[in-house]
$ cat input.txt   # compact mmCIF, C-alpha atoms
# COMPACT_ATOMS: atom_id res chain seq x y z
CA MET A 22 -13.44 -6.11 14.48
CA GLN A 23 -9.93 -6.41 15.79
CA GLY A 24 -6.72 -4.98 14.38
CA ALA A 25 -3.06 -5.77 14.61
CA VAL A 26 -0.09 -3.58 13.79
CA GLN A 27 3.53 -4.45 13.23
CA GLU A 28 6.41 -2.11 12.39
CA THR A 29 9.82 -2.80 11.06
CA ALA A 30 12.73 -2.87 13.42
CA GLY A 31 15.63 -0.48 12.97
CA SER A 32 17.82 -3.25 11.58
CA ASP A 33 15.34 -3.79 8.72
CA ARG A 34 15.68 -0.25 7.41
CA ALA A 35 17.76 0.62 4.41
CA PRO A 36 21.17 1.84 5.59
CA GLU A 37 20.95 5.60 5.38
CA SER A 38 24.75 5.83 5.33
CA ILE A 39 24.84 4.23 1.86
CA ILE A 40 22.33 6.70 0.46
CA LEU A 41 24.16 9.65 2.01
CA ARG A 42 27.50 8.40 0.70
CA VAL A 43 26.12 8.19 -2.84
CA ALA A 44 24.54 11.64 -2.47
CA LEU A 45 27.88 13.12 -1.40
CA LEU A 46 29.58 11.45 -4.37
CA SER A 47 26.96 12.98 -6.66
CA LEU A 48 27.55 16.40 -5.11
CA ALA A 49 31.32 16.20 -5.60
CA VAL A 50 31.01 15.09 -9.25
CA ASN A 51 28.45 17.80 -10.03
CA ILE A 52 30.60 20.56 -8.52
CA GLY A 53 33.53 19.41 -10.67
CA LEU A 54 31.37 19.39 -13.82
CA VAL A 55 29.96 22.85 -13.12
CA VAL A 56 33.38 24.41 -12.67
CA ALA A 57 34.81 22.71 -15.77
CA LYS A 58 31.85 23.44 -18.06
CA LEU A 59 31.45 27.09 -17.08
CA ALA A 60 35.19 27.68 -17.42
CA LEU A 61 35.18 26.10 -20.89
CA SER A 62 32.06 28.08 -21.89
CA VAL A 63 33.84 31.33 -21.02
CA TYR A 64 36.90 30.24 -22.98
CA SER A 65 34.92 29.08 -26.04
CA GLY A 66 31.98 31.49 -25.88
CA SER A 67 29.56 28.54 -26.39
CA LEU A 68 25.96 29.19 -25.30
CA ALA A 69 25.20 25.46 -25.42
CA LEU A 70 28.13 24.69 -23.14
CA ARG A 71 27.08 27.44 -20.77
CA ALA A 72 23.54 25.99 -20.73
CA ASP A 73 24.97 22.60 -19.93
CA GLY A 74 27.02 24.16 -17.13
CA ILE A 75 23.89 25.75 -15.68
CA HIS A 76 22.22 22.37 -15.94
CA SER A 77 25.06 20.84 -13.93
CA PHE A 78 24.70 23.66 -11.39
CA VAL A 79 21.06 22.63 -10.93
CA ASP A 80 22.40 19.13 -10.32
CA VAL A 81 24.50 20.56 -7.48
CA VAL A 82 21.42 22.12 -5.93
CA ALA A 83 19.55 18.83 -6.46
CA SER A 84 22.32 16.89 -4.72
CA LEU A 85 22.21 19.28 -1.76
CA ALA A 86 18.42 18.91 -1.63
CA LEU A 87 18.81 15.13 -1.82
CA ILE A 88 21.18 15.11 1.16
CA ALA A 89 18.84 17.36 3.16
CA GLY A 90 15.82 15.22 2.21
CA VAL A 91 17.46 11.96 3.26
CA LEU A 92 18.55 13.43 6.61
CA LEU A 93 15.12 14.92 7.34
CA SER A 94 13.19 11.83 6.26
CA THR A 95 14.90 9.68 8.90
CA ARG A 96 13.90 11.92 11.80
CA ARG A 97 10.92 11.01 13.98
CA ARG A 98 8.61 13.53 15.61
CA ARG A 99 5.56 13.15 17.78
CA ASP A 100 3.68 15.51 15.44
CA PHE A 101 4.30 13.13 12.52
CA PRO A 102 3.44 9.58 13.70
CA TYR A 103 3.79 8.24 10.15
CA GLY A 104 7.30 9.66 9.82
CA LEU A 105 8.80 12.33 7.58
CA TYR A 106 9.45 9.92 4.75
CA LYS A 107 7.57 12.03 2.20
CA VAL A 108 10.15 14.78 2.59
CA GLU A 109 12.11 12.85 -0.04
CA ASN A 110 9.18 13.13 -2.45
CA VAL A 111 8.88 16.86 -1.73
CA VAL A 112 12.58 17.21 -2.51
CA ALA A 113 12.07 15.34 -5.79
CA VAL A 114 9.29 17.80 -6.73
CA ILE A 115 11.60 20.74 -5.94
CA ILE A 116 14.25 19.18 -8.18
CA ALA A 117 11.71 18.90 -11.00
CA LEU A 118 10.67 22.55 -10.64
CA LEU A 119 14.32 23.63 -10.71
CA ILE A 120 14.76 21.62 -13.89
CA PHE A 121 11.79 23.37 -15.56
CA PHE A 122 13.15 26.78 -14.57
CA THR A 123 16.57 25.92 -15.96
CA ALA A 124 15.07 24.72 -19.25
CA PHE A 125 13.10 27.95 -19.60
CA GLU A 126 16.19 30.10 -19.00
CA ILE A 127 18.25 28.13 -21.51
CA ALA A 128 15.55 28.27 -24.19
CA ALA A 129 14.97 31.99 -23.64
CA GLU A 130 18.67 32.79 -24.00
CA ALA A 131 18.96 30.59 -27.08
CA MET A 132 16.05 32.39 -28.75
CA THR A 133 16.83 35.98 -27.79
CA GLY A 134 20.34 36.15 -26.26
CA GLU A 135 23.54 37.21 -27.92
CA THR A 136 26.45 34.86 -28.39
CA SER A 137 30.08 35.57 -29.22
CA ALA A 138 31.99 32.43 -30.16
CA HIS A 139 35.75 32.42 -29.69
CA PRO A 140 38.30 30.30 -31.49
CA TYR A 141 39.56 27.38 -29.40
CA GLY A 142 41.81 24.36 -29.71
CA GLY A 143 40.82 20.75 -30.21
CA TRP A 144 41.65 19.94 -26.59
CA VAL A 145 38.31 21.60 -25.63
CA LEU A 146 36.46 19.04 -27.74
CA PHE A 147 38.45 16.28 -26.12
CA ILE A 148 37.52 17.44 -22.59
CA VAL A 149 33.82 17.88 -23.47
CA ALA A 150 33.77 14.39 -24.99
CA ALA A 151 35.27 13.04 -21.77
CA PHE A 152 32.37 14.62 -19.83
CA ILE A 153 29.72 12.62 -21.73
CA PRO A 154 29.97 9.20 -19.97
CA VAL A 155 30.50 10.67 -16.47
CA PRO A 156 26.86 11.63 -15.68
CA TYR A 157 25.54 8.41 -17.22
CA ILE A 158 27.77 6.23 -15.05
CA LEU A 159 26.91 8.25 -11.95
CA GLY A 160 23.19 8.35 -12.80
CA THR A 161 22.97 4.61 -13.39
CA TYR A 162 24.68 3.96 -10.07
CA GLU A 163 22.27 6.31 -8.27
CA VAL A 164 19.18 4.77 -9.88
CA ASN A 165 20.32 1.27 -8.90
CA VAL A 166 20.96 2.33 -5.30
CA GLY A 167 17.67 4.26 -5.21
CA ARG A 168 15.67 1.28 -6.46
CA LYS A 169 17.44 -1.10 -4.10
CA TYR A 170 16.49 1.03 -1.10
CA ASN A 171 13.34 2.56 -2.64
CA SER A 172 14.58 6.15 -2.37
CA PRO A 173 12.51 8.38 -4.71
CA SER A 174 14.82 11.41 -4.47
CA MET A 175 17.88 9.26 -5.24
CA ILE A 176 16.11 7.76 -8.27
CA ALA A 177 15.10 11.25 -9.41
CA ASP A 178 18.66 12.51 -9.11
CA GLY A 179 19.99 9.48 -10.97
CA LYS A 180 17.52 9.82 -13.84
CA GLN A 181 18.42 13.45 -14.17
CA HIS A 182 22.08 12.52 -14.53
CA GLN A 183 21.28 9.87 -17.12
CA MET A 184 19.51 12.49 -19.20
CA ASP A 185 22.65 14.64 -19.02
CA VAL A 186 24.29 12.23 -21.47
CA LEU A 187 21.98 13.41 -24.22
CA SER A 188 22.48 17.07 -23.48
CA SER A 189 26.27 16.65 -23.19
CA SER A 190 26.30 14.84 -26.54
CA VAL A 191 24.33 17.64 -28.18
CA VAL A 192 26.75 20.19 -26.72
CA PHE A 193 29.71 18.23 -28.07
CA PHE A 194 28.31 18.23 -31.61
CA ALA A 195 27.51 21.93 -31.30
CA LEU A 196 31.10 22.63 -30.33
CA LEU A 197 32.29 20.41 -33.14
CA GLY A 198 30.17 22.41 -35.58
CA GLN A 199 31.46 25.65 -34.10
CA PHE A 200 35.04 24.36 -34.49
CA PHE A 201 34.41 23.90 -38.22
CA GLY A 202 32.44 27.15 -38.58
CA ILE A 203 28.91 25.63 -38.58
CA PRO A 204 26.48 27.69 -36.35
CA LEU A 205 24.76 24.98 -34.29
CA ASP A 206 25.09 26.60 -30.86
CA ARG A 207 21.55 28.06 -30.50
CA VAL A 208 19.87 24.95 -31.88
CA ALA A 209 21.87 22.77 -29.51
CA ALA A 210 20.87 24.95 -26.54
CA VAL A 211 17.15 24.53 -27.36
CA ILE A 212 17.58 20.77 -27.75
CA VAL A 213 19.27 20.64 -24.34
CA ALA A 214 16.29 22.53 -22.87
CA VAL A 215 13.86 19.97 -24.32
CA PHE A 216 15.84 17.09 -22.79
CA ILE A 217 15.78 18.84 -19.44
CA VAL A 218 11.99 19.37 -19.52
CA ARG A 219 11.41 15.71 -20.32
CA ALA A 220 13.54 14.60 -17.36
CA GLY A 221 11.76 17.05 -15.08
CA TRP A 222 8.31 15.82 -16.10
CA ASP A 223 9.17 12.18 -15.29
CA ILE A 224 10.47 13.16 -11.86
CA LEU A 225 7.47 15.39 -11.09
CA LYS A 226 4.94 12.75 -12.18
CA ASP A 227 6.43 9.96 -10.03
CA SER A 228 6.80 12.20 -6.97
CA MET A 229 3.28 13.63 -7.12
CA LYS A 230 1.76 10.14 -7.28
CA THR A 231 3.36 9.34 -3.93
CA LEU A 232 2.47 12.70 -2.35
CA LEU A 233 -1.16 12.16 -3.36
CA ASP A 234 -1.12 8.66 -1.79
CA ALA A 235 -1.42 6.82 -5.07
CA SER A 236 -1.62 3.07 -4.61
CA VAL A 237 1.43 0.85 -4.47
CA ASP A 238 2.13 -0.80 -7.83
CA TYR A 239 -0.01 -3.75 -8.93
CA ASP A 240 2.71 -6.40 -8.64
CA THR A 241 3.47 -5.49 -5.02
CA LEU A 242 -0.20 -5.52 -4.03
CA SER A 243 -0.67 -8.84 -5.83
CA GLU A 244 2.24 -10.35 -3.91
CA ILE A 245 0.77 -9.10 -0.61
CA ARG A 246 -2.62 -10.61 -1.49
CA THR A 247 -0.95 -13.95 -2.23
CA ILE A 248 0.79 -13.90 1.15
CA ILE A 249 -2.46 -13.15 2.99
CA ARG A 250 -4.44 -15.74 1.06
CA SER A 251 -1.88 -18.45 1.83
CA ASP A 252 -2.68 -18.41 5.56
CA PRO A 253 -5.03 -21.33 6.35
CA VAL A 254 -7.23 -19.27 8.70
CA VAL A 255 -8.05 -16.61 6.08
CA SER A 256 -11.30 -17.37 4.29
CA ARG A 257 -11.72 -14.16 2.33
CA ILE A 258 -9.83 -10.94 1.57
CA ARG A 259 -12.15 -7.95 1.63
CA SER A 260 -9.58 -5.32 0.71
CA VAL A 261 -5.85 -4.67 0.52
CA THR A 262 -4.52 -1.13 0.17
CA GLY A 263 -0.99 0.22 0.21
CA ARG A 264 0.69 3.56 -0.14
CA ASN A 265 4.22 4.81 -0.52
CA SER A 266 5.76 7.28 1.88
CA GLY A 267 9.25 8.12 0.74
CA ARG A 268 11.03 4.81 0.30
CA TYR A 269 8.71 2.93 2.68
CA ILE A 270 5.36 1.19 2.16
CA PHE A 271 2.32 1.21 4.47
CA VAL A 272 -0.14 -1.67 4.05
CA GLU A 273 -3.68 -2.11 5.38
CA ALA A 274 -5.87 -5.17 4.82
CA VAL A 275 -9.35 -6.27 5.87
CA VAL A 276 -9.78 -10.05 5.95
CA GLU A 277 -12.34 -12.59 7.10
CA MET A 278 -11.05 -15.46 9.20
CA ALA A 279 -12.65 -18.86 9.61
CA THR A 280 -12.53 -18.69 13.41
CA SER A 281 -14.44 -16.97 16.19
CA ASP A 282 -11.49 -17.33 18.58
CA LEU A 283 -9.90 -13.88 18.89
CA LYS A 284 -6.60 -15.30 20.09
CA GLU A 285 -6.33 -17.59 17.08
CA ALA A 286 -7.27 -14.73 14.75
CA HIS A 287 -4.62 -12.51 16.34
CA ARG A 288 -1.98 -15.20 15.94
CA ALA A 289 -2.94 -15.55 12.28
CA SER A 290 -2.64 -11.80 11.73
CA GLU A 291 0.83 -11.82 13.28
CA ARG A 292 1.87 -14.66 10.96
CA ILE A 293 0.62 -12.70 7.96
CA GLU A 294 2.42 -9.52 9.02
CA GLU A 295 5.68 -11.34 9.56
CA ALA A 296 5.43 -13.03 6.16
CA ILE A 297 4.78 -9.69 4.42
CA HIS A 298 7.80 -8.11 6.12
CA LEU A 299 10.01 -11.02 5.09
CA ARG A 300 8.94 -11.20 1.46
CA VAL A 301 8.21 -7.57 0.50
CA ARG A 302 10.99 -4.98 0.65
CA ASN A 303 10.71 -1.69 2.56
CA ILE A 304 7.50 -2.44 4.45
CA GLU A 305 7.25 0.11 7.26
CA ARG A 306 3.89 -0.84 8.76
CA VAL A 307 1.25 -3.53 8.26
CA VAL A 308 -2.26 -3.24 9.71
CA ILE A 309 -4.51 -6.32 9.54
CA HIS A 310 -8.17 -5.85 10.42
CA TYR A 311 -9.67 -9.27 10.99
CA GLU A 312 -13.34 -10.16 11.20
CA PRO A 313 -15.25 -13.43 11.65
CA GLU A 314 -16.16 -15.21 8.44
CA GLU A 315 -19.42 -13.90 7.04
CA LYS A 316 -21.83 -16.83 6.90
CA VAL A 317 -24.05 -17.26 3.88
CA HIS A 318 -26.44 -19.60 5.71
CA LEU A 319 -27.68 -19.22 9.30
CA ARG A 320 -29.33 -22.12 11.12
CA TYR A 321 -31.97 -21.31 13.75
CA ALA A 322 -33.31 -23.53 16.53
CA VAL A 323 -36.59 -22.90 18.39
CA PRO A 324 -37.82 -24.93 21.44
CA LEU A 325 -41.42 -26.10 20.86
CA GLN A 326 -44.04 -27.25 23.33
CA ASP A 327 -45.95 -29.19 20.64
CA ARG A 328 -45.89 -29.95 16.94
CA GLU A 329 -48.45 -27.23 16.31
CA GLY A 330 -45.70 -24.70 16.85
CA LEU A 331 -46.22 -23.31 20.36
CA ILE A 332 -42.86 -22.07 21.65
CA GLY A 333 -41.86 -23.65 24.98
CA ASP A 334 -40.58 -21.76 28.01
CA HIS A 335 -38.31 -24.46 29.48
CA PHE A 336 -35.35 -25.07 27.16
CA GLY A 337 -34.28 -28.54 28.36
CA GLU A 338 -37.80 -29.96 28.88
CA VAL A 339 -39.55 -29.18 25.60
CA PRO A 340 -40.39 -32.28 23.51
CA TYR A 341 -39.43 -30.77 20.15
CA PHE A 342 -37.17 -28.29 18.43
CA ALA A 343 -37.82 -26.60 15.10
CA ILE A 344 -34.78 -26.16 12.87
CA PHE A 345 -34.81 -23.80 9.89
CA ASP A 346 -32.12 -22.31 7.63
CA VAL A 347 -31.88 -18.76 6.31
CA ASP A 348 -30.01 -18.08 3.06
CA VAL A 349 -28.79 -14.54 3.74
CA ARG A 350 -27.51 -13.83 0.23
CA GLU A 351 -30.47 -15.29 -1.68
CA ASN A 352 -32.94 -13.72 0.77
CA ARG A 353 -35.02 -16.79 1.53
CA ILE A 354 -35.79 -19.27 4.28
CA GLU A 355 -34.90 -22.81 3.21
CA ARG A 356 -35.06 -26.11 5.12
CA ARG A 357 -37.52 -26.41 8.05
CA GLU A 358 -38.00 -29.50 10.17
CA PHE A 359 -38.91 -30.79 13.64
CA ILE A 360 -36.52 -32.87 15.71
CA ALA A 361 -37.50 -34.67 18.92
CA ASN A 362 -35.79 -33.91 22.21
CA PRO A 363 -34.51 -37.26 23.56
CA PHE A 364 -33.37 -35.65 26.80
CA ALA A 365 -36.69 -34.13 27.91
CA ASP A 366 -37.16 -36.70 30.71
CA VAL A 367 -33.50 -36.99 31.77
CA GLU A 368 -32.95 -36.24 35.46
CA GLU A 369 -29.56 -34.48 35.30
CA ARG A 370 -27.74 -32.19 32.87
CA LYS A 371 -30.60 -32.23 30.38
CA GLY A 372 -29.94 -28.63 29.32
CA VAL A 373 -26.28 -29.35 28.54
CA GLN A 374 -27.14 -32.50 26.60
CA VAL A 375 -29.80 -30.65 24.60
CA ALA A 376 -27.25 -27.92 23.84
CA GLU A 377 -24.76 -30.54 22.63
CA MET A 378 -27.47 -32.06 20.41
CA LEU A 379 -28.16 -28.68 18.82
CA LEU A 380 -24.46 -28.02 18.41
CA ALA A 381 -24.23 -31.30 16.51
CA GLN A 382 -26.90 -29.84 14.22
CA LYS A 383 -24.53 -26.87 13.66
CA VAL A 384 -27.01 -24.33 14.94
CA ASP A 385 -25.98 -20.64 14.73
CA VAL A 386 -28.86 -18.97 16.62
CA VAL A 387 -31.22 -20.25 19.34
CA LEU A 388 -34.46 -18.34 19.92
CA LEU A 389 -35.57 -18.33 23.58
CA HIS A 390 -38.16 -16.94 25.95
CA HIS A 391 -35.81 -17.03 28.95
CA SER A 392 -32.08 -16.40 29.22
CA LEU A 393 -29.67 -19.32 29.63
CA SER A 394 -27.03 -17.08 31.20
CA GLY A 395 -25.22 -18.81 34.07
CA LYS A 396 -26.53 -22.23 33.10
CA GLY A 397 -24.67 -25.17 31.59
CA ALA A 398 -26.45 -24.89 28.25
CA GLY A 399 -25.63 -21.18 28.10
CA TYR A 400 -21.94 -21.86 28.73
CA ALA A 401 -21.92 -24.50 25.99
CA PHE A 402 -23.47 -22.14 23.46
CA GLU A 403 -21.15 -19.27 24.41
CA ALA A 404 -18.06 -21.47 24.05
CA ALA A 405 -19.21 -22.51 20.56
CA GLY A 406 -20.07 -18.98 19.46
CA VAL A 407 -23.81 -19.68 19.15
CA GLU A 408 -26.03 -16.62 19.56
CA MET A 409 -28.84 -16.86 22.14
CA ARG A 410 -31.52 -14.42 21.07
CA MET A 411 -34.59 -13.52 23.10
CA THR A 412 -37.91 -13.54 21.25
CA ALA A 413 -41.40 -12.38 22.18
CA ALA A 414 -42.99 -14.64 19.57
CA VAL A 415 -45.54 -17.11 20.89
CA THR A 416 -45.62 -19.47 17.95
CA LEU A 417 -43.07 -20.79 15.46
CA ALA A 418 -44.82 -18.93 12.63
CA GLU A 419 -44.41 -15.63 14.50
CA ALA A 420 -40.74 -16.40 15.22
CA ILE A 421 -40.06 -17.18 11.55
CA ALA A 422 -41.85 -13.98 10.53
CA ASP A 423 -39.66 -12.00 12.93
CA VAL A 424 -36.49 -13.63 11.56
CA ALA A 425 -37.65 -13.05 7.99
CA GLY A 426 -38.22 -9.39 8.78
CA HIS A 427 -34.82 -9.16 10.44
CA HIS A 428 -33.00 -10.54 7.37
CA GLY A 429 -35.40 -9.19 4.76
CA VAL A 430 -36.09 -12.71 3.42
CA GLU A 431 -39.04 -14.61 2.01
CA GLY A 432 -40.79 -17.50 3.72
CA GLY A 433 -40.37 -21.07 2.58
CA ALA A 434 -42.25 -24.34 2.89
CA PRO A 435 -44.05 -25.21 6.17
CA PRO A 436 -42.20 -27.39 8.69
CA ARG A 437 -42.60 -31.10 8.51
$ encode --input "input.txt" --output "C-alpha cells"
Amino acid sequence: MQGAVQETAGSDRAPESIILRVALLSLAVNIGLVVAKLALSVYSGSLALRADGIHSFVDVVASLALIAGVLLSTRRRRDFPYGLYKVENVVAVIIALLIFFTAFEIAAEAMTGETSAHPYGGWVLFIVAAFIPVPYILGTYEVNVGRKYNSPSMIADGKQHQMDVLSSSVVFFALLGQFFGIPLDRVAAVIVAVFIVRAGWDILKDSMKTLLDASVDYDTLSEIRTIIRSDPVVSRIRSVTGRNSGRYIFVEAVVEMATSDLKEAHRASERIEEAIHLRVRNIERVVIHYEPEEKVHLRYAVPLQDREGLIGDHFGEVPYFAIFDVDVRENRIERREFIANPFADVEERKGVQVAEMLLAQKVDVVLLHHSLSGKGAGYAFEAAGVEMRMTAAVTLAEAIADVAGHHGVEGGAPPR
C-alpha cells in the first residue's frame, strides 16, 4: 500500500492578522464596557448591573486568551508535527470554565448577598440601553469572521458576546423596575447567570468535540467523498476520516484504484489531494492511501502435459493449458476448461507467444513447476501484473485442491 501526503502552502492559510485585529477590537470594546458598567453599578447600587459588569470583565479575559491562543496556534515546533492548532480549542474550554465560574458567583450573590440601591437619574437608563446592541454587533462580526476562517476560539468569543444582549436587556429592565421602585434586581441577576451558563455550555461542547478528535461534520466528509469518487482511476472508497485541529482539517482516505501501475496511482492521488484543497476550506493535510483494486474473480492458468491433468514442466512446450476461475467472495471455483497451445511446436519465442495468449485470456495467476524469471514469458507476465506462483502439485486436481484450500473455496464441475 502506498501513501501520498500534501500540505497547504502558507498562502492558503487564513490571514492571522485579520483574526488578531478582530480580537484586539473585542478586547478594546470589552474594557470599555467593564469600566462603564462597574462605574454605573457603584453609582446605582444595582447588583444586576454589577453582575453584568463582571460578565464583561470575563469577556476581557476571554479576549486576552483568544489573542494568546491565536498567536500560539500559528507557531510550529518539532515536538508537535501536527501543529499547535488545538491551542485555540483549549482556550475556548478555558473561556467556558470562566463563564461557569462567573455564573456561579452572580447567582450566589443574588441569593445570599446584600444590595443597597441608590436613587439615580434617567440618564443611567439611557446609557444602559445604549449598551444593549454593542455586544450583539461585535459578537455577530466575530462569529462571521470565525466561521470564515474556521477559528473555534473566535466563534466562542462571538457567541458569548451575542448572549450578552439578553443579559444586558434583563439588566435594563431591572434598572427600569428599580427606577420605579419595583425590586427586580435579584431576579434579574439570577436570569443573567442562567444566560451565561447556557452560553458556556455551547462553547464547552463544541470545543471538547474537537479536542477529542470528533469527526468532521457530515456535509464536509460527503463533499470529500464526492471529490475522491469523481477521479476515474478510483474504483472504490474504503474509508474517509477527518478531524478538526483548531481551524484546520486533517483528512485521511483509503481507496482502491483500478491500476497496478504505482506511478499512475500516485498521480491520481495527487489529483485528488489538489481537488480537495481547492474545493474544501481550511484543509491542512490530506493523506491518500491507495491500494490495487480488490478482484472478486481470479483466473488461474495451469500448463498440462495431457488432457488427463498431468502438469507439464516446460511452460512453452506443453500441449494444453487448464483455465479455471475462483469467485473469492462467493467462495467457489467456477468455470474450468482446457485450451490448446498453438505455439508448442514454434521454433522461436514460443514462451512469449504463449504468455500473450494467456494474457488475452485475462489470466491473473499462472501455476508453474519452474520459475520464468529472466525469460521473455516472465517479463511479459511481470509487466501485466500477473502472478507467477510455484506449485508442488503433480496433477490439475491437486493444484485446484491447493488453490481451493488457499482461498477457502468449494470445488466446481470437472474440466471439459
$ closest_atom_pairs --input "input.txt" --of "region 314-359 of chain A" --to "region 406-430 of chain A" --cutoff "9 Å" --atoms "all atoms listed in the file" --output "tab-separated table"
residue	atom	partner	partner_atom	distance
A:Val323	CA	A:Leu417	CA	7.4
A:Pro324	CA	A:Leu417	CA	9.0
A:Leu325	CA	A:Leu417	CA	7.8
A:Glu329	CA	A:Thr416	CA	8.4
A:Gly330	CA	A:Leu417	CA	4.9
A:Leu331	CA	A:Thr416	CA	4.6
A:Ile332	CA	A:Thr416	CA	5.3
A:Gly333	CA	A:Val415	CA	8.5
A:Ala343	CA	A:Leu417	CA	7.8
A:Phe345	CA	A:Ile421	CA	8.6
A:Val347	CA	A:Val430	CA	7.9
A:Asp348	CA	A:Val430	CA	8.1
A:Val349	CA	A:His428	CA	6.8
A:Glu351	CA	A:Val430	CA	8.0
A:Asn352	CA	A:Val430	CA	4.2
A:Arg353	CA	A:Val430	CA	4.6
A:Ile354	CA	A:Val430	CA	6.6
$ closest_residue --input "input.txt" --among "A:Glu312, A:Glu163, A:Asp282, A:Asp80" --to "Val255 (chain A)" --atoms "only C-alpha atoms"
A:Glu312
$ closest_residue --input "input.txt" --among "A:Phe147, A:Tyr321, A:Tyr269, A:Trp222" --to "His298 (chain A)" --atoms "only C-alpha atoms"
A:Tyr269
$ closest_residue --input "input.txt" --among "A:Glu338, A:Asp73, A:Asp385, A:Asp252" --to "Ala286 (chain A)" --atoms "only C-alpha atoms"
A:Asp252
$ atom_distance --input "input.txt" --atom1 "CA of Ala124 (chain A)" --atom2 "CA of Ser84 (chain A)"
18.0 Å
$ closest_residue --input "input.txt" --among "A:Tyr162, A:Phe152, A:Phe271, A:Trp144" --to "Gly53 (chain A)" --atoms "all atoms listed in the file"
A:Phe152
$ atom_distance --input "input.txt" --atom1 "CA of His182 (chain A)" --atom2 "CA of Asp240 (chain A)"
27.7 Å
$ atom_distance --input "input.txt" --atom1 "CA of Leu242 (chain A)" --atom2 "CA of Val261 (chain A)"
7.3 Å
$ residues_around --input "input.txt" --residues "Val215 (chain A)" --least-positions-apart "3" --cutoff "12 Å" --atoms "only C-alpha atoms" --output "MDAnalysis selection string"
chainID A and resid 72 120:128 184:185 187:188 191 208:212 218:222
$ residues_around --input "input.txt" --residues "His310 (chain A)" --least-positions-apart "3" --cutoff "12 Å" --atoms "all atoms listed in the file" --output "number ranges by chain"
A: 22-26, 249, 255, 258-262, 272-278, 283, 286-287, 289-291, 293-294, 307, 313
$ axis_aligned_box --input "input.txt" --around "region 413-428 of chain A" --padding-each-side "3 Å" --output "lines of an AutoDock Vina configuration file"
center_x = -39.3
center_y = -15.0
center_z = 14.8
size_x = 18.6
size_y = 17.6
size_z = 20.8
$ residues_around --input "input.txt" --residues "Gly160 (chain A)" --least-positions-apart "2" --cutoff "9 Å" --atoms "all atoms listed in the file" --output "list in words"
Ser47, Val155, Pro156, Tyr157, Ile158, Tyr162, Glu163, Val164, Asn165, Ile176, Asp178, Gly179, Lys180, Gln181, His182, Gln183, Met184 and Asp185 of chain A
$ closest_residue --input "input.txt" --among "A:Leu319, A:Ala113, A:Val149, A:Val186" --to "Asp223 (chain A)" --atoms "all atoms listed in the file"
A:Ala113
$ closest_residue --input "input.txt" --among "A:Val192, A:Ala129, A:Gly395, A:Val112" --to "Ile153 (chain A)" --atoms "all atoms listed in the file"
A:Val192
